[in-house]
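Undergrad: Supplied in structure tokens, the structure appears directly below.
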Amino acid sequence: QAQVVESGGGLVQSGESLRLTCVASGLNLEKYVVGWFRRAPGKEREGVSCLSGSGGAPYYEEYTKGRFTMFRRGNTVYLDMNNLKPEDTAGYFCAADHRNLHLQTLCMQGTRPLDFWGKGTMVTVSG
């Protein structure tokens, strides 16, 4: 059964870093657009960063720029998060979709059905 599975979350101090990992099985990420999303307590799920599996520069939401880096190696997608802040505390989710979506559009799909959603990994940043 095709799926994506996230890992790498944890509890860190403000200013520290984490690397999140999204491993896809049963699907070839080169043929998908992939996004990282997050849901903070009491808020809707929102986009973080999105990329096309076929290549090109990722799209980043404004609040991540200069701090987060998204990239793909084979069937794994990573999100490097630096200089973490307490407001980054959230469940982080990976999603993949076969449609040729514009990346900014994909990153707006946090509450929409996409082909594959992971169950998420929790990131807690203490201040």
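Just so we're on the same page: first chain in the structure tokens is A, next is B, and so on; residues restart at 1 for each chain, and ligands are numbered from 1 in the order they show up.
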Identify all residues of chain A in alpha helix (DSSP H) (DSSP on the backbone) and supply them as number ranges by chain.
TA: A: 103-106
Undergrad: Leaving out Phe37 (chain A) and any residue of its chain fewer than 6 positions from it, which residues lie within 9 Å of it when counting only C-alpha atoms, given as a PDB file with N, CA and C atoms, in the first residue's frame?
TA:
```
ATOM      1  N   ARG A  45      -4.518  23.408   9.489  1.00  0.00           N
ATOM      2  CA  ARG A  45      -3.265  23.008   8.861  1.00  0.00           C
ATOM      3  C   ARG A  45      -2.899  23.995   7.749  1.00  0.00           C
ATOM      4  N   GLU A  46      -1.625  24.375   7.710  1.00  0.00           N
ATOM      5  CA  GLU A  46      -1.157  25.361   6.727  1.00  0.00           C
ATOM      6  C   GLU A  46       0.080  24.847   6.024  1.00  0.00           C
ATOM      7  N   GLY A  47       0.356  25.422   4.863  1.00  0.00           N
ATOM      8  CA  GLY A  47       1.523  25.032   4.117  1.00  0.00           C
ATOM      9  C   GLY A  47       2.801  25.568   4.727  1.00  0.00           C
ATOM     10  N   VAL A  48       3.879  24.819   4.556  1.00  0.00           N
ATOM     11  CA  VAL A  48       5.210  25.225   4.993  1.00  0.00           C
ATOM     12  C   VAL A  48       6.101  25.424   3.777  1.00  0.00           C
ATOM     13  N   SER A  49       6.256  24.355   3.000  1.00  0.00           N
ATOM     14  CA  SER A  49       7.108  24.386   1.827  1.00  0.00           C
ATOM     15  C   SER A  49       6.661  23.283   0.884  1.00  0.00           C
ATOM     16  N   CYS A  50       6.815  23.517  -0.415  1.00  0.00           N
ATOM     17  CA  CYS A  50       6.363  22.543  -1.410  1.00  0.00           C
ATOM     18  C   CYS A  50       7.364  22.472  -2.548  1.00  0.00           C
ATOM     19  N   GLY A  91       2.222  20.036  14.730  1.00  0.00           N
ATOM     20  CA  GLY A  91       2.375  18.754  14.063  1.00  0.00           C
ATOM     21  C   GLY A  91       2.744  19.023  12.620  1.00  0.00           C
ATOM     22  N   TYR A  92       3.759  18.349  12.113  1.00  0.00           N
ATOM     23  CA  TYR A  92       4.228  18.565  10.741  1.00  0.00           C
ATOM     24  C   TYR A  92       3.868  17.349   9.901  1.00  0.00           C
ATOM     25  N   PHE A  93       3.294  17.616   8.741  1.00  0.00           N
ATOM     26  CA  PHE A  93       2.758  16.585   7.871  1.00  0.00           C
ATOM     27  C   PHE A  93       3.375  16.684   6.480  1.00  0.00           C
ATOM     28  N   CYS A  94       3.572  15.535   5.885  1.00  0.00           N
ATOM     29  CA  CYS A  94       4.027  15.437   4.502  1.00  0.00           C
ATOM     30  C   CYS A  94       2.842  14.978   3.650  1.00  0.00           C
ATOM     31  N   ALA A  95       2.754  15.510   2.450  1.00  0.00           N
ATOM     32  CA  ALA A  95       1.695  15.093   1.535  1.00  0.00           C
ATOM     33  C   ALA A  95       2.232  15.059   0.116  1.00  0.00           C
ATOM     34  N   CYS A 107       0.741  24.439  -1.666  1.00  0.00           N
ATOM     35  CA  CYS A 107       0.965  24.840  -0.287  1.00  0.00           C
ATOM     36  C   CYS A 107      -0.266  25.480   0.347  1.00  0.00           C
ATOM     37  N   GLN A 109      -3.148  23.897   0.161  1.00  0.00           N
ATOM     38  CA  GLN A 109      -4.084  22.787   0.231  1.00  0.00           C
ATOM     39  C   GLN A 109      -4.063  22.071   1.580  1.00  0.00           C
ATOM     40  N   GLY A 110      -3.696  22.766   2.628  1.00  0.00           N
ATOM     41  CA  GLY A 110      -3.549  22.114   3.926  1.00  0.00           C
ATOM     42  C   GLY A 110      -4.806  21.446   4.445  1.00  0.00           C
TER      43      GLY A 110
END
```
Undergrad: So which bits of chain A end up strand (DSSP E or B) when you DSSP the backbone, as a ChimeraX atom specification?
TA: /A:3-7,10-13,18-25,33-39,46-52,59-60,68-73,76-81,90-97,116-117,121-126
Undergrad: For Gln1 (chain A), which residue out of A:His102, A:Ala90, A:Arg39, A:Phe116 is the nearest one, using only C-alpha atoms?
TA: A:Phe116
Undergrad: Measuring between only C-alpha atoms, which one of A:Ser126, A:Ser7, A:Thr89, A:Ser52 shows the shortest distance to Thr105 (chain A)?
TA: A:Ser52
Undergrad: I'd like the contact shell of region 62-64 of chain A - 12 Å cut-off, only C-alpha atoms, skipping same-chain residues fewer than 2 positions apart - returned as a ChimeraX atom specification.
TA: /A:36-38,46-50,58-60,66-70,79-85,87-88,104,107
Undergrad: Can those selected residues be exported to a file as a PDB file, in the first residue's frame so that it contains C-alpha atoms?
TA:
```pdb
ATOM      1  CA  TRP A  36       5.257  19.936   4.084  1.00  0.00           C
ATOM      2  CA  PHE A  37       2.363  21.275   6.107  1.00  0.00           C
ATOM      3  CA  ARG A  38       1.862  22.002   9.783  1.00  0.00           C
ATOM      4  CA  GLU A  46      -1.157  25.361   6.727  1.00  0.00           C
ATOM      5  CA  GLY A  47       1.523  25.032   4.117  1.00  0.00           C
ATOM      6  CA  VAL A  48       5.210  25.225   4.993  1.00  0.00           C
ATOM      7  CA  SER A  49       7.108  24.386   1.827  1.00  0.00           C
ATOM      8  CA  CYS A  50       6.363  22.543  -1.410  1.00  0.00           C
ATOM      9  CA  PRO A  58      10.972  24.667  -3.797  1.00  0.00           C
ATOM     10  CA  TYR A  59       8.341  27.169  -2.767  1.00  0.00           C
ATOM     11  CA  TYR A  60       8.469  28.459   0.789  1.00  0.00           C
ATOM     12  CA  GLY A  66      15.905  31.890   5.527  1.00  0.00           C
ATOM     13  CA  ARG A  67      15.211  29.282   8.199  1.00  0.00           C
ATOM     14  CA  PHE A  68      13.756  26.195   6.470  1.00  0.00           C
ATOM     15  CA  THR A  69      15.127  24.170   3.546  1.00  0.00           C
ATOM     16  CA  MET A  70      13.173  21.478   1.694  1.00  0.00           C
ATOM     17  CA  LEU A  79      12.762  19.599   5.796  1.00  0.00           C
ATOM     18  CA  ASP A  80      15.703  21.201   7.547  1.00  0.00           C
ATOM     19  CA  MET A  81      14.473  23.674  10.139  1.00  0.00           C
ATOM     20  CA  ASN A  82      16.927  26.107  11.690  1.00  0.00           C
ATOM     21  CA  ASN A  83      16.557  28.851  14.283  1.00  0.00           C
ATOM     22  CA  LEU A  84      13.316  27.324  15.517  1.00  0.00           C
ATOM     23  CA  LYS A  85      10.903  29.529  17.398  1.00  0.00           C
ATOM     24  CA  GLU A  87       5.578  29.638  17.207  1.00  0.00           C
ATOM     25  CA  ASP A  88       6.922  26.780  15.051  1.00  0.00           C
ATOM     26  CA  GLN A 104       2.107  27.886  -4.212  1.00  0.00           C
ATOM     27  CA  CYS A 107       0.965  24.840  -0.287  1.00  0.00           C
TER      28      CYS A 107
END
```
Undergrad: Extract, using only C-alpha atoms, all DNA, RNA and protein residues at most 7 Å from Gly10 (chain A), discarding same-chain residues fewer than 2 positions from it, and format them as an NGL selection string.
TA: :A and (8 or 12 or 122-124)
Undergrad: Now that the selection is made, can you save its residues with all heavy atoms as a compact mmCIF listing (two decimals), in the first residue's frame?
TA:
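Result saved to out_24.txt:
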```
# COMPACT_ATOMS: atom_id res chain seq x y z
N GLY A 8 11.24 12.50 12.75
CA GLY A 8 12.24 13.52 13.04
C GLY A 8 11.80 14.60 14.00
O GLY A 8 12.61 15.45 14.40
N VAL A 12 12.73 20.72 21.23
CA VAL A 12 13.99 21.46 21.15
C VAL A 12 13.83 22.82 21.82
O VAL A 12 12.71 23.27 22.07
CB VAL A 12 14.44 21.65 19.69
CG1 VAL A 12 14.73 20.31 19.02
CG2 VAL A 12 13.40 22.43 18.89
N MET A 122 5.44 15.44 15.56
CA MET A 122 5.26 16.62 16.41
C MET A 122 6.57 17.33 16.67
O MET A 122 7.58 16.70 17.03
CB MET A 122 4.63 16.21 17.74
CG MET A 122 4.22 17.38 18.61
SD MET A 122 2.86 18.29 17.84
CE MET A 122 3.00 19.85 18.77
N VAL A 123 6.54 18.65 16.50
CA VAL A 123 7.68 19.50 16.82
C VAL A 123 7.26 20.46 17.92
O VAL A 123 6.26 21.16 17.78
CB VAL A 123 8.16 20.29 15.58
CG1 VAL A 123 9.23 21.31 15.98
CG2 VAL A 123 8.69 19.34 14.52
N THR A 124 8.01 20.44 19.01
CA THR A 124 7.73 21.35 20.12
C THR A 124 8.98 22.17 20.39
O THR A 124 10.06 21.62 20.60
CB THR A 124 7.34 20.58 21.38
OG1 THR A 124 6.21 19.75 21.09
CG2 THR A 124 6.98 21.54 22.51
```
Undergrad: What is the distance, in Å and to one decimal place, between CA of Gly56 (chain A) and CA of Leu27 (chain A)?
TA: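 So the two atoms, CA of Gly56 (chain A) and CA of Leu27 (chain A), lie 19.6 Å apart.
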Undergrad: Of the residues A:Thr21, A:Glu16, A:Phe71, A:Trp117, which is the one nearest to Asp97 (chain A), using only C-alpha atoms?
TA: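 Using only C-alpha atoms, the shortest distance to Asp97 (chain A) belongs to A:Trp117.
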Undergrad: For the atom pair CA of Ser25 (chain A) and CA of Arg72 (chain A), what is the interatomic distance in Å to one decimal place?
TA: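 If I compute the distance from CA of Ser25 (chain A) to CA of Arg72 (chain A), I get 14.0 Å.
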Undergrad: Between CA of Gln13 (chain A) and CA of Thr76 (chain A), measure the distance and give it in Å to one decimal.
TA: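 These atoms are spaced 26.2 Å apart.
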